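Enquirer: data18.txt is reproduced in full below (compact mmCIF, C-alpha atoms (C1' of nucleotides)).
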```txt
# COMPACT_ATOMS: atom_id res chain seq x y z
CA MET A 1 1.02 -11.03 -7.38
CA ALA A 2 -2.63 -11.89 -8.20
CA PRO A 3 -3.21 -9.01 -10.61
CA ASP A 4 -6.82 -7.86 -10.53
CA LEU A 5 -8.56 -10.13 -8.07
CA ALA A 6 -6.37 -8.63 -5.37
CA GLU A 7 -7.42 -5.05 -5.96
CA ARG A 8 -11.08 -5.68 -6.77
CA GLU A 9 -12.59 -8.55 -4.86
CA THR A 10 -16.22 -9.32 -4.18
CA THR A 11 -18.28 -6.34 -5.27
CA THR A 12 -21.25 -5.92 -2.97
CA GLU A 13 -22.36 -2.42 -3.81
CA ASP A 14 -21.62 -1.49 -7.37
CA GLU A 15 -20.41 1.97 -8.27
CA THR A 16 -23.87 2.67 -9.65
CA ALA A 17 -25.17 2.46 -6.10
CA LEU A 18 -22.94 5.44 -5.33
CA GLY A 19 -24.60 7.47 -8.05
CA GLY A 20 -21.43 8.05 -10.02
CA TYR A 21 -19.49 9.30 -7.00
CA ALA A 22 -15.89 8.26 -7.59
CA LEU A 23 -13.41 9.08 -4.85
CA ALA A 24 -10.56 9.34 -7.35
CA ARG A 25 -12.31 12.21 -9.11
CA GLN A 26 -13.17 14.32 -6.04
CA VAL A 27 -11.28 17.59 -5.63
CA GLY A 28 -10.47 16.85 -2.02
CA HIS A 29 -8.85 13.54 -2.80
CA LEU A 30 -6.86 15.03 -5.67
CA LEU A 31 -5.74 18.00 -3.57
CA ARG A 32 -4.56 15.64 -0.86
CA ARG A 33 -2.63 13.45 -3.29
CA ALA A 34 -1.05 16.39 -5.08
CA HIS A 35 0.01 17.83 -1.74
CA GLN A 36 1.27 14.42 -0.65
CA ARG A 37 3.38 14.18 -3.79
CA HIS A 38 4.74 17.68 -3.21
CA VAL A 39 5.77 16.88 0.37
CA ALA A 40 7.64 13.81 -0.86
CA ILE A 41 9.45 15.94 -3.45
CA PHE A 42 10.21 18.49 -0.74
CA GLN A 43 11.73 15.97 1.65
CA GLU A 44 13.81 14.57 -1.16
CA GLY A 45 14.92 17.95 -2.46
CA ILE A 46 15.65 19.79 0.76
CA GLY A 47 18.52 17.42 1.43
CA ALA A 48 21.00 18.15 4.20
CA ALA A 49 19.05 21.19 5.45
CA ALA A 50 16.58 18.65 6.88
CA LEU A 51 13.69 21.09 7.14
CA THR A 52 10.01 20.24 6.88
CA PRO A 53 7.82 22.31 4.56
CA MET A 54 6.36 24.12 7.57
CA GLN A 55 9.75 24.83 9.10
CA TRP A 56 10.91 26.21 5.78
CA ALA A 57 7.82 28.40 5.46
CA ALA A 58 8.28 29.85 8.94
CA LEU A 59 12.00 30.40 8.53
CA VAL A 60 11.84 32.01 5.10
CA THR A 61 9.05 34.29 6.31
CA LEU A 62 11.12 35.45 9.27
CA VAL A 63 14.08 36.11 7.00
CA ARG A 64 11.87 38.19 4.73
CA ASP A 65 10.07 40.11 7.49
CA GLY A 66 12.87 40.41 10.00
CA GLN A 67 10.78 39.61 13.02
CA ALA A 68 7.28 38.67 14.08
CA SER A 69 5.38 37.45 17.09
CA GLN A 70 4.58 33.76 17.14
CA ASN A 71 0.88 34.08 16.35
CA GLN A 72 1.64 36.66 13.70
CA LEU A 73 4.09 34.24 12.07
CA GLY A 74 1.41 31.62 12.24
CA ARG A 75 -1.02 33.86 10.38
CA LEU A 76 1.58 34.69 7.75
CA THR A 77 2.17 31.00 7.10
CA ALA A 78 -1.41 29.76 7.65
CA MET A 79 -0.65 27.84 10.84
CA ASP A 80 -2.75 27.48 13.96
CA PRO A 81 -1.30 28.99 17.15
CA ALA A 82 -0.96 25.44 18.46
CA THR A 83 0.82 24.32 15.30
CA ILE A 84 3.23 27.23 14.96
CA GLN A 85 4.16 26.68 18.59
CA GLY A 86 5.66 23.30 17.80
CA VAL A 87 7.31 24.49 14.60
CA ALA A 88 8.88 27.47 16.41
CA ARG A 89 10.03 25.26 19.28
CA ARG A 90 11.90 22.97 16.88
CA LEU A 91 13.50 25.85 14.97
CA LEU A 92 14.50 27.39 18.30
CA ALA A 93 16.06 24.10 19.39
CA ARG A 94 18.15 24.04 16.22
CA GLY A 95 19.31 27.61 16.77
CA LEU A 96 17.83 28.79 13.48
CA ILE A 97 15.58 31.37 15.14
CA ALA A 98 15.70 33.28 18.43
CA ARG A 99 13.26 34.95 20.80
CA ALA A 100 13.36 38.45 22.23
CA PRO A 101 10.86 40.12 24.56
CA HIS A 102 8.60 42.71 22.98
CA PRO A 103 9.60 46.13 24.33
CA ALA A 104 6.04 47.25 25.04
CA ASP A 105 3.82 44.15 25.18
CA ARG A 106 4.73 41.54 27.74
CA ARG A 107 2.44 38.92 26.20
CA ILE A 108 4.55 38.84 23.07
CA SER A 109 7.99 37.46 22.41
CA LEU A 110 9.38 38.39 19.04
CA LEU A 111 10.87 35.74 16.81
CA ALA A 112 13.71 36.40 14.37
CA ALA A 113 16.05 34.29 12.28
CA THR A 114 19.55 33.90 13.70
CA PRO A 115 22.60 34.36 11.42
CA ALA A 116 22.64 30.57 11.12
CA GLY A 117 18.99 30.67 10.08
CA VAL A 118 19.59 33.37 7.49
CA ALA A 119 22.58 31.48 6.14
CA LEU A 120 20.59 28.27 5.90
CA VAL A 121 17.79 30.02 3.99
CA LYS A 122 20.25 31.53 1.53
CA ALA A 123 22.00 28.22 1.02
CA THR A 124 18.72 26.35 0.63
CA LEU A 125 16.96 28.79 -1.67
CA PRO A 126 18.05 27.07 -4.90
CA ALA A 127 16.75 23.76 -3.58
CA ALA A 128 13.41 25.41 -2.72
CA VAL A 129 13.13 26.76 -6.24
CA ALA A 130 13.98 23.34 -7.66
CA ILE A 131 11.32 21.74 -5.45
CA SER A 132 8.60 24.02 -6.81
CA GLU A 133 9.84 23.34 -10.30
CA ALA A 134 9.85 19.57 -9.76
CA THR A 135 6.37 19.66 -8.28
CA LEU A 136 5.10 21.44 -11.39
CA ALA A 137 7.06 19.18 -13.74
CA PRO A 138 3.95 17.36 -15.06
CA LEU A 139 2.72 20.62 -16.60
CA ASN A 140 4.11 22.76 -19.40
CA ALA A 141 4.62 26.51 -19.07
CA ASP A 142 1.11 27.49 -20.17
CA GLU A 143 -0.51 24.87 -18.00
CA ARG A 144 1.53 26.00 -15.01
CA ARG A 145 0.30 29.55 -15.35
CA THR A 146 -3.29 28.41 -15.64
CA PHE A 147 -3.01 25.92 -12.82
CA LEU A 148 -1.35 28.35 -10.41
CA GLN A 149 -3.90 31.01 -11.14
CA LEU A 150 -6.83 28.67 -10.50
CA LEU A 151 -5.15 27.08 -7.48
CA GLN A 152 -4.59 30.51 -5.99
CA ARG A 153 -8.32 31.15 -6.13
CA MET A 154 -9.05 27.72 -4.65
CA ALA A 155 -6.67 28.46 -1.78
CA PHE A 156 -7.75 31.95 -0.85
CA ALA A 157 -11.46 31.93 -1.68
CA MET B 1 -5.67 46.72 15.34
CA ALA B 2 -2.44 48.41 14.22
CA PRO B 3 -2.97 47.89 10.50
CA ASP B 4 0.29 47.46 8.65
CA LEU B 5 3.04 47.85 11.18
CA ALA B 6 1.72 44.77 12.92
CA GLU B 7 2.07 42.50 9.91
CA ARG B 8 5.29 43.92 8.50
CA GLU B 9 7.73 45.13 11.15
CA THR B 10 11.44 45.71 10.88
CA THR B 11 12.61 44.42 7.51
CA THR B 12 16.09 43.01 7.80
CA GLU B 13 16.41 41.04 4.61
CA ASP B 14 14.36 42.48 1.80
CA GLU B 15 12.44 40.26 -0.59
CA THR B 16 15.10 41.04 -3.18
CA ALA B 17 17.55 39.11 -1.04
CA LEU B 18 15.33 36.08 -1.64
CA GLY B 19 15.68 36.47 -5.38
CA GLY B 20 11.98 36.88 -6.04
CA TYR B 21 11.05 33.76 -4.05
CA ALA B 22 7.64 34.47 -2.56
CA LEU B 23 6.16 31.78 -0.33
CA ALA B 24 2.62 32.81 -1.23
CA ARG B 25 3.26 31.94 -4.88
CA GLN B 26 4.85 28.53 -4.40
CA VAL B 27 2.80 25.51 -5.52
CA GLY B 28 3.39 23.68 -2.29
CA HIS B 29 2.05 26.50 -0.16
CA LEU B 30 -0.98 26.93 -2.41
CA LEU B 31 -1.69 23.19 -2.46
CA ARG B 32 -1.54 23.13 1.32
CA ARG B 33 -3.90 26.08 1.70
CA ALA B 34 -6.37 24.78 -0.87
CA HIS B 35 -6.40 21.42 0.89
CA GLN B 36 -6.74 23.17 4.25
CA ARG B 37 -9.76 25.06 2.97
CA HIS B 38 -11.28 21.84 1.61
CA VAL B 39 -10.90 20.05 4.94
CA ALA B 40 -12.67 22.94 6.69
CA ILE B 41 -15.51 22.73 4.17
CA PHE B 42 -15.62 18.96 4.68
CA GLN B 43 -15.89 19.16 8.46
CA GLU B 44 -18.63 21.75 8.12
CA GLY B 45 -20.51 19.85 5.43
CA ILE B 46 -20.31 16.31 6.76
CA GLY B 47 -22.47 17.31 9.72
CA ALA B 48 -23.88 14.68 12.02
CA ALA B 49 -22.03 11.84 10.29
CA ALA B 50 -18.92 13.17 12.03
CA LEU B 51 -16.47 11.52 9.68
CA THR B 52 -13.04 12.82 8.76
CA PRO B 53 -12.05 12.99 5.09
CA MET B 54 -9.87 9.89 5.55
CA GLN B 55 -12.59 7.94 7.33
CA TRP B 56 -15.00 8.84 4.55
CA ALA B 57 -12.50 7.78 1.89
CA ALA B 58 -11.91 4.40 3.53
CA LEU B 59 -15.60 3.75 4.17
CA VAL B 60 -16.83 4.73 0.72
CA THR B 61 -14.11 2.59 -0.84
CA LEU B 62 -15.18 -0.45 1.18
CA VAL B 63 -18.80 0.11 0.20
CA ARG B 64 -17.78 0.25 -3.43
CA ASP B 65 -15.41 -2.72 -3.37
CA GLY B 66 -17.18 -4.91 -0.86
CA GLN B 67 -14.09 -5.96 1.04
CA ALA B 68 -10.36 -5.45 1.16
CA SER B 69 -7.40 -6.18 3.36
CA GLN B 70 -6.17 -3.31 5.46
CA ASN B 71 -3.03 -2.59 3.44
CA GLN B 72 -4.99 -2.96 0.23
CA LEU B 73 -7.52 -0.41 1.46
CA GLY B 74 -4.62 1.85 2.32
CA ARG B 75 -3.30 1.61 -1.22
CA LEU B 76 -6.73 2.31 -2.67
CA THR B 77 -7.02 5.48 -0.58
CA ALA B 78 -3.35 6.53 -0.65
CA MET B 79 -2.68 5.86 3.01
CA ASP B 80 0.40 4.43 4.69
CA PRO B 81 -0.05 1.07 6.45
CA ALA B 82 0.55 2.91 9.71
CA THR B 83 -2.05 5.54 8.85
CA ILE B 84 -4.78 3.21 7.60
CA GLN B 85 -4.33 1.23 10.79
CA GLY B 86 -5.56 4.13 12.90
CA VAL B 87 -8.37 5.02 10.50
CA ALA B 88 -9.58 1.40 10.40
CA ARG B 89 -9.39 1.14 14.18
CA ARG B 90 -11.66 4.15 14.62
CA LEU B 91 -14.18 2.94 12.01
CA LEU B 92 -14.15 -0.48 13.70
CA ALA B 93 -14.80 1.15 17.08
CA ARG B 94 -17.83 2.93 15.64
CA GLY B 95 -19.18 -0.29 14.15
CA LEU B 96 -19.10 1.08 10.61
CA ILE B 97 -16.77 -1.65 9.37
CA ALA B 98 -15.99 -5.21 10.47
CA ARG B 99 -13.11 -7.67 10.20
CA ALA B 100 -13.17 -11.26 9.02
CA PRO B 101 -10.27 -13.68 8.69
CA HIS B 102 -9.05 -14.37 5.19
CA PRO B 103 -9.96 -17.97 4.30
CA ALA B 104 -6.54 -18.78 2.84
CA ASP B 105 -4.04 -16.22 4.15
CA ARG B 106 -3.66 -15.99 7.89
CA ARG B 107 -1.74 -12.71 7.71
CA ILE B 108 -4.77 -10.94 6.32
CA SER B 109 -8.02 -9.95 7.90
CA LEU B 110 -10.58 -8.67 5.46
CA LEU B 111 -12.39 -5.42 6.12
CA ALA B 112 -15.95 -4.75 4.99
CA ALA B 113 -18.56 -2.11 5.70
CA THR B 114 -21.29 -3.16 8.11
CA PRO B 115 -24.96 -2.47 7.29
CA ALA B 116 -24.61 0.61 9.51
CA GLY B 117 -21.59 1.68 7.47
CA VAL B 118 -23.40 1.16 4.17
CA ALA B 119 -26.41 3.07 5.47
CA LEU B 120 -24.22 5.95 6.65
CA VAL B 121 -22.50 6.18 3.27
CA LYS B 122 -25.82 6.24 1.43
CA ALA B 123 -27.20 8.87 3.79
CA THR B 124 -24.06 10.99 3.57
CA LEU B 125 -23.51 10.80 -0.17
CA PRO B 126 -25.43 14.02 -0.95
CA ALA B 127 -23.34 15.88 1.63
CA ALA B 128 -20.15 14.53 0.04
CA VAL B 129 -21.28 15.75 -3.37
CA ALA B 130 -22.13 19.15 -1.89
CA ILE B 131 -18.69 19.33 -0.25
CA SER B 132 -16.91 18.80 -3.57
CA GLU B 133 -19.19 21.37 -5.14
CA ALA B 134 -18.54 23.90 -2.36
CA THR B 135 -14.79 23.35 -2.61
CA LEU B 136 -14.91 24.13 -6.33
CA ALA B 137 -17.25 27.08 -5.84
CA PRO B 138 -14.59 29.71 -6.66
CA LEU B 139 -14.37 28.37 -10.23
CA ASN B 140 -16.93 28.33 -13.03
CA ALA B 141 -17.76 25.20 -15.02
CA ASP B 142 -14.99 25.61 -17.60
CA GLU B 143 -12.40 26.44 -14.98
CA ARG B 144 -13.42 23.41 -12.93
CA ARG B 145 -12.86 21.08 -15.85
CA THR B 146 -9.48 22.60 -16.56
CA PHE B 147 -8.43 22.67 -12.93
CA LEU B 148 -9.46 19.07 -12.23
CA GLN B 149 -7.69 17.85 -15.33
CA LEU B 150 -4.44 19.59 -14.39
CA LEU B 151 -4.76 18.67 -10.71
CA GLN B 152 -5.21 15.04 -11.66
CA ARG B 153 -1.88 15.12 -13.46
CA MET B 154 -0.25 16.88 -10.50
CA ALA B 155 -1.58 14.21 -8.15
CA PHE B 156 -0.69 11.08 -10.09
CA ALA B 157 2.47 12.13 -11.92
C1' DG C 1 -8.95 54.28 37.54
C1' DT C 2 -11.38 50.02 36.76
C1' DC C 3 -13.84 46.58 34.25
C1' DC C 4 -14.46 43.91 29.77
C1' DG C 5 -13.60 42.12 25.58
C1' DA C 6 -9.65 40.93 22.72
C1' DT C 7 -5.07 39.00 22.03
C1' DC C 8 -0.87 36.10 23.21
C1' DA C 9 1.18 31.86 24.12
C1' DT C 10 0.59 27.32 26.01
C1' DT C 11 -1.48 22.88 26.88
C1' DC C 12 -4.55 18.85 26.09
C1' DG C 13 -6.84 15.63 23.18
C1' DT C 14 -7.69 13.54 18.79
C1' DG C 15 -6.52 12.54 14.12
C1' DT C 16 -3.64 12.27 10.14
C1' DA C 17 1.18 11.27 8.02
C1' DC C 18 5.13 8.52 7.41
C1' DG C 19 9.93 6.29 8.23
C1' DA C 20 11.66 2.43 10.60
C1' DA C 21 11.58 -1.80 13.03
C1' DT C 22 9.25 -6.14 14.20
C1' DA C 23 6.90 -10.82 14.18
C1' DA C 24 4.02 -13.78 11.63
C1' DT C 25 3.06 -15.73 7.48
C1' DC C 26 3.27 -16.68 2.60
C1' DC C 27 5.36 -18.28 -1.74
C1' DG C 28 8.54 -19.43 -5.37
C1' DC C 29 12.83 -21.64 -6.22
C1' DC C 30 16.11 -24.98 -5.73
C1' DG D 1 10.75 -29.67 2.03
C1' DG D 2 13.27 -26.12 3.48
C1' DC D 3 15.16 -21.25 2.69
C1' DG D 4 15.02 -16.46 1.40
C1' DG D 5 12.62 -12.72 -0.12
C1' DA D 6 8.16 -10.55 -0.08
C1' DT D 7 3.83 -9.19 2.20
C1' DT D 8 0.68 -8.28 6.32
C1' DA D 9 -0.37 -5.86 10.31
C1' DT D 10 1.44 -3.57 14.37
C1' DT D 11 4.20 -0.45 17.10
C1' DC D 12 7.29 3.51 18.06
C1' DG D 13 8.82 8.08 17.30
C1' DT D 14 8.36 12.55 15.24
C1' DA D 15 5.81 16.20 13.02
C1' DC D 16 1.78 18.65 11.48
C1' DA D 17 -3.32 20.18 12.28
C1' DC D 18 -6.80 22.12 14.85
C1' DG D 19 -10.72 22.66 18.43
C1' DA D 20 -11.03 23.91 23.09
C1' DA D 21 -9.60 25.57 27.43
C1' DT D 22 -6.41 28.32 30.24
C1' DG D 23 -3.85 32.26 32.47
C1' DA D 24 -1.48 36.46 31.56
C1' DT D 25 -1.77 40.71 29.60
C1' DC D 26 -3.42 44.58 26.93
C1' DG D 27 -6.47 48.44 25.56
C1' DG D 28 -10.45 51.02 25.24
C1' DA D 29 -15.01 52.50 27.18
C1' DC D 30 -17.06 54.27 31.02
```
Please re-express this file's structure in structure tokens.
Expert:
Amino acid sequence: MAPDLAERETTTEDETALGGYALARQVGHLLRRAHQRHVAIFQEGIGAAALTPMQWAALVTLVRDGQASQNQLGRLTAMDPATIQGVARRLLARGLIARAPHPADRRISLLAATPAGVALVKATLPAAVAISEATLAPLNADERRTFLQLLQRMAFA
Amino acid sequence: MAPDLAERETTTEDETALGGYALARQVGHLLRRAHQRHVAIFQEGIGAAALTPMQWAALVTLVRDGQASQNQLGRLTAMDPATIQGVARRLLARGLIARAPHPADRRISLLAATPAGVALVKATLPAAVAISEATLAPLNADERRTFLQLLQRMAFA
DNA sequence: GTCCGATCATTCGTGTACGAATAATCCGCC
DNA sequence: GGCGGATTATTCGTACACGAATGATCGGAC
């Protein structure tokens, strides 16, 4: 496999022409790659439960809060109304959540985890913890604290 | 707007049942939200260039490296062959990049930025720098160094 | 009591993201 | 010199992600 020539061929515009801008050092690129790596760890670690990160987020939130409207669940998990719609539809199809009409507001249908959904969350919780742990594996305890604290501010600024 | 009742209705399973697992504190959730915030800043900051983060990544990489095969460009920007295909197709359609047959390998067509693509990158570079800056705005200079160093390890571990 | 702005859920369109399968081509090994 | 494994690009299917538009409903101001 032609070692270097393959990855760096004819150089038309040198990096100097980009004024020191290196994609690999930009926050956005690093955030994307770190998230990408986490999703891969998640898929691997979630195993037989076969949930996506978003499905897990929605389900675990419903288990914690008991019930919520669809848009409300979207806000709690940082999903667009259009996005949570698809996530909810797939969880509904698997029988992990259920809908009930809101007693007073006919626009709303309340979502709640079914017994199967609650059971799945309880069974999967150790895997979820292990996933977070594995994602943070490159850092030691001190670094994890620092990183999470800074990341929190980057996320919610 | 019913303040608290709306966001926390009937609580079936208390947080204690989740053994202290709080979605809002998990790395994966925070990485997703930080990335989400960055993409919003990017869309806002890129302005008239109307590029997505991925299109920018591919284009700036081609300007730096001169030319690359499609899969190679995907590897350089951390995109699946299936994903880079769509990104390249859209850049091609806008005339920002062009294809040429590889002189020796008929499987490969080489991608390169067109003069229009190079010009767009040069014109957009200040905006790209400002986007990275705006994304890191919640942190001071010391924190940025620390965060980027740790994030780098999280991304490439 | 009725109108008006806000909210709820859905749908459409576009753009990542990636596993899996495919056809064409390449290359090293025998 | 032909064969088998690797690589290239494409396609299909599924799942986020979100702007924008829609129709139903709600709630408060008048």
Enquirer: Set the cut-off to 12 Å and count all atoms listed in the file: what are the residues of chain A that reach chain C? Output as a count of residues only.
Expert: 28
Enquirer: Once chain A is fitted onto chain B by least squares over all its in-order Cα atoms, send the moved chain as a compact mmCIF listing (two decimals) with C-alpha atoms, in the coordinates of the input.
Expert:
```txt
# COMPACT_ATOMS: atom_id res chain seq x y z
CA MET A 1 -5.53 46.86 15.63
CA ALA A 2 -2.31 48.50 14.35
CA PRO A 3 -2.97 47.91 10.65
CA ASP A 4 0.27 47.45 8.74
CA LEU A 5 3.02 47.84 11.28
CA ALA A 6 1.73 44.71 12.95
CA GLU A 7 2.04 42.48 9.91
CA ARG A 8 5.24 43.95 8.49
CA GLU A 9 7.67 45.12 11.11
CA THR A 10 11.38 45.75 10.82
CA THR A 11 12.54 44.43 7.47
CA THR A 12 16.04 43.04 7.77
CA GLU A 13 16.33 41.05 4.59
CA ASP A 14 14.29 42.50 1.79
CA GLU A 15 12.41 40.27 -0.61
CA THR A 16 15.06 41.06 -3.21
CA ALA A 17 17.52 39.14 -1.06
CA LEU A 18 15.33 36.09 -1.65
CA GLY A 19 15.67 36.48 -5.39
CA GLY A 20 11.97 36.88 -6.03
CA TYR A 21 11.05 33.76 -4.06
CA ALA A 22 7.63 34.46 -2.57
CA LEU A 23 6.17 31.78 -0.34
CA ALA A 24 2.62 32.80 -1.25
CA ARG A 25 3.27 31.95 -4.89
CA GLN A 26 4.86 28.51 -4.40
CA VAL A 27 2.82 25.51 -5.54
CA GLY A 28 3.40 23.68 -2.29
CA HIS A 29 2.06 26.49 -0.18
CA LEU A 30 -0.98 26.92 -2.42
CA LEU A 31 -1.68 23.18 -2.47
CA ARG A 32 -1.53 23.11 1.31
CA ARG A 33 -3.88 26.07 1.68
CA ALA A 34 -6.35 24.76 -0.87
CA HIS A 35 -6.37 21.40 0.89
CA GLN A 36 -6.73 23.15 4.24
CA ARG A 37 -9.74 25.05 2.95
CA HIS A 38 -11.26 21.84 1.60
CA VAL A 39 -10.88 20.05 4.94
CA ALA A 40 -12.64 22.93 6.68
CA ILE A 41 -15.49 22.71 4.16
CA PHE A 42 -15.59 18.95 4.68
CA GLN A 43 -15.86 19.16 8.46
CA GLU A 44 -18.58 21.74 8.12
CA GLY A 45 -20.50 19.84 5.45
CA ILE A 46 -20.30 16.30 6.77
CA GLY A 47 -22.44 17.32 9.72
CA ALA A 48 -23.88 14.68 12.03
CA ALA A 49 -22.03 11.82 10.30
CA ALA A 50 -18.91 13.17 12.05
CA LEU A 51 -16.45 11.52 9.69
CA THR A 52 -13.01 12.81 8.78
CA PRO A 53 -12.04 12.98 5.10
CA MET A 54 -9.88 9.88 5.54
CA GLN A 55 -12.59 7.94 7.32
CA TRP A 56 -14.99 8.84 4.54
CA ALA A 57 -12.51 7.77 1.87
CA ALA A 58 -11.93 4.40 3.52
CA LEU A 59 -15.60 3.76 4.17
CA VAL A 60 -16.84 4.73 0.72
CA THR A 61 -14.12 2.58 -0.85
CA LEU A 62 -15.18 -0.45 1.17
CA VAL A 63 -18.80 0.11 0.20
CA ARG A 64 -17.79 0.24 -3.45
CA ASP A 65 -15.42 -2.74 -3.37
CA GLY A 66 -17.19 -4.92 -0.86
CA GLN A 67 -14.11 -5.95 1.02
CA ALA A 68 -10.37 -5.46 1.14
CA SER A 69 -7.40 -6.19 3.34
CA GLN A 70 -6.17 -3.30 5.44
CA ASN A 71 -3.04 -2.57 3.42
CA GLN A 72 -4.99 -2.95 0.21
CA LEU A 73 -7.52 -0.39 1.46
CA GLY A 74 -4.63 1.84 2.31
CA ARG A 75 -3.30 1.63 -1.23
CA LEU A 76 -6.73 2.33 -2.68
CA THR A 77 -7.03 5.48 -0.59
CA ALA A 78 -3.35 6.54 -0.66
CA MET A 79 -2.71 5.88 3.03
CA ASP A 80 0.36 4.45 4.69
CA PRO A 81 -0.08 1.09 6.44
CA ALA A 82 0.51 2.92 9.72
CA THR A 83 -2.09 5.55 8.85
CA ILE A 84 -4.82 3.23 7.60
CA GLN A 85 -4.36 1.23 10.79
CA GLY A 86 -5.59 4.12 12.90
CA VAL A 87 -8.39 5.02 10.50
CA ALA A 88 -9.61 1.40 10.40
CA ARG A 89 -9.40 1.12 14.19
CA ARG A 90 -11.67 4.14 14.62
CA LEU A 91 -14.19 2.95 12.03
CA LEU A 92 -14.17 -0.46 13.70
CA ALA A 93 -14.82 1.15 17.08
CA ARG A 94 -17.85 2.94 15.64
CA GLY A 95 -19.20 -0.28 14.16
CA LEU A 96 -19.11 1.10 10.62
CA ILE A 97 -16.78 -1.63 9.36
CA ALA A 98 -16.00 -5.19 10.47
CA ARG A 99 -13.13 -7.65 10.21
CA ALA A 100 -13.18 -11.24 9.02
CA PRO A 101 -10.27 -13.67 8.71
CA HIS A 102 -9.05 -14.35 5.20
CA PRO A 103 -9.95 -17.94 4.31
CA ALA A 104 -6.54 -18.79 2.86
CA ASP A 105 -4.03 -16.22 4.16
CA ARG A 106 -3.66 -15.97 7.90
CA ARG A 107 -1.72 -12.70 7.70
CA ILE A 108 -4.75 -10.93 6.32
CA SER A 109 -8.00 -9.91 7.92
CA LEU A 110 -10.57 -8.66 5.47
CA LEU A 111 -12.39 -5.42 6.12
CA ALA A 112 -15.95 -4.74 5.00
CA ALA A 113 -18.58 -2.11 5.69
CA THR A 114 -21.29 -3.16 8.13
CA PRO A 115 -24.97 -2.46 7.31
CA ALA A 116 -24.62 0.61 9.52
CA GLY A 117 -21.60 1.67 7.48
CA VAL A 118 -23.40 1.17 4.18
CA ALA A 119 -26.40 3.08 5.47
CA LEU A 120 -24.22 5.94 6.66
CA VAL A 121 -22.50 6.18 3.26
CA LYS A 122 -25.83 6.27 1.45
CA ALA A 123 -27.21 8.89 3.79
CA THR A 124 -24.05 10.99 3.58
CA LEU A 125 -23.52 10.81 -0.17
CA PRO A 126 -25.43 14.03 -0.94
CA ALA A 127 -23.33 15.89 1.63
CA ALA A 128 -20.15 14.51 0.03
CA VAL A 129 -21.27 15.75 -3.36
CA ALA A 130 -22.11 19.15 -1.89
CA ILE A 131 -18.67 19.31 -0.26
CA SER A 132 -16.90 18.79 -3.58
CA GLU A 133 -19.17 21.36 -5.14
CA ALA A 134 -18.51 23.89 -2.37
CA THR A 135 -14.77 23.33 -2.61
CA LEU A 136 -14.89 24.11 -6.32
CA ALA A 137 -17.24 27.07 -5.84
CA PRO A 138 -14.56 29.70 -6.68
CA LEU A 139 -14.37 28.34 -10.23
CA ASN A 140 -16.91 28.31 -13.05
CA ALA A 141 -17.75 25.17 -15.02
CA ASP A 142 -14.99 25.58 -17.61
CA GLU A 143 -12.40 26.41 -15.01
CA ARG A 144 -13.41 23.39 -12.95
CA ARG A 145 -12.84 21.06 -15.86
CA THR A 146 -9.46 22.57 -16.58
CA PHE A 147 -8.42 22.65 -12.95
CA LEU A 148 -9.45 19.05 -12.25
CA GLN A 149 -7.68 17.82 -15.32
CA LEU A 150 -4.43 19.57 -14.40
CA LEU A 151 -4.74 18.65 -10.72
CA GLN A 152 -5.19 15.02 -11.67
CA ARG A 153 -1.86 15.10 -13.46
CA MET A 154 -0.23 16.88 -10.52
CA ALA A 155 -1.54 14.18 -8.18
CA PHE A 156 -0.67 11.07 -10.12
CA ALA A 157 2.50 12.09 -11.96
```
Enquirer: Between A:Ala48, A:Leu31, A:Ala130, A:Ala78, which has the minimum distance to chain D (counting all atoms listed in the file)?
Expert: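 Of A:Ala48, A:Leu31, A:Ala130, A:Ala78, the one nearest chain D is A:Ala78, counting all atoms listed in the file.
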Enquirer: Identify all chain D residues at most 8 Å from chain A by counting only C-alpha atoms (C1' of nucleotides); ligands do not count. Present them as a PyMOL selection string.
Expert: chain D and resi 16-18+24-26
Enquirer: When you count all atoms listed in the file, which of these residues is closest to chain A: B:Ala112, B:Leu62, B:Ala155, B:Ala104?
Expert: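 Looking only at the distances to chain A, the closest residue turns out to be B:Ala155.
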Enquirer: If we count only C-alpha atoms, which residues of chain B reach to within 8 Å of chain A? Please list them as number ranges by chain.
Expert: B: 7-15, 18, 21, 23, 26-28, 30-35, 37-39, 57, 60-61, 63-68, 72, 78, 122, 125, 129, 132, 135-136, 138-139, 143, 147-148, 150-157
Enquirer: Which distance in Å separates atom CA of B:Gly45 and atom CA of B:Ala127, to one decimal?
Expert: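 Separating atom CA of B:Gly45 from atom CA of B:Ala127 is a distance of 6.2 Å.
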Enquirer: Kindly give the distance, in Å, that separates atom CA of A:Ala50 and atom CA of A:Arg99, rounded to a single decimal.
Expert: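 Taking atom CA of A:Ala50 as the start and atom CA of A:Arg99 as the end point, the length is 21.7 Å.
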Enquirer: Measure the distance from atom CA of B:Arg145 to atom CA of A:Asp142 in Å and round it to one decimal.
Expert: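 Interatomic distance, atom CA of B:Arg145 to atom CA of A:Asp142: 16.0 Å.
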Enquirer: Go through A:Leu51, A:Gly95, A:Gly20, A:Ala123 and flag the residue nearest D:DA15, using all atoms listed in the file for the distances.
Expert: A:Leu51
Enquirer: Under the rule that all atoms listed in the file are counted, which of A:Gly47, A:Leu120, A:Ala134, A:Leu59 is the nearest residue to A:Ala98?
Expert: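 Result for the nearest residue to A:Ala98: A:Leu59.
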Enquirer: For A:Leu111, which residue out of A:Thr124, A:Ala49, A:Ile97, A:Gln55 is the nearest one, using only C-alpha atoms?
Expert: A:Ile97
Enquirer: Quick one: of B:Ala141, B:Ile46, B:Leu96, B:Leu91, who's nearest to B:Ala119, counting all atoms listed in the file?
Expert: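 The answer is B:Leu96, which sits nearest to B:Ala119.
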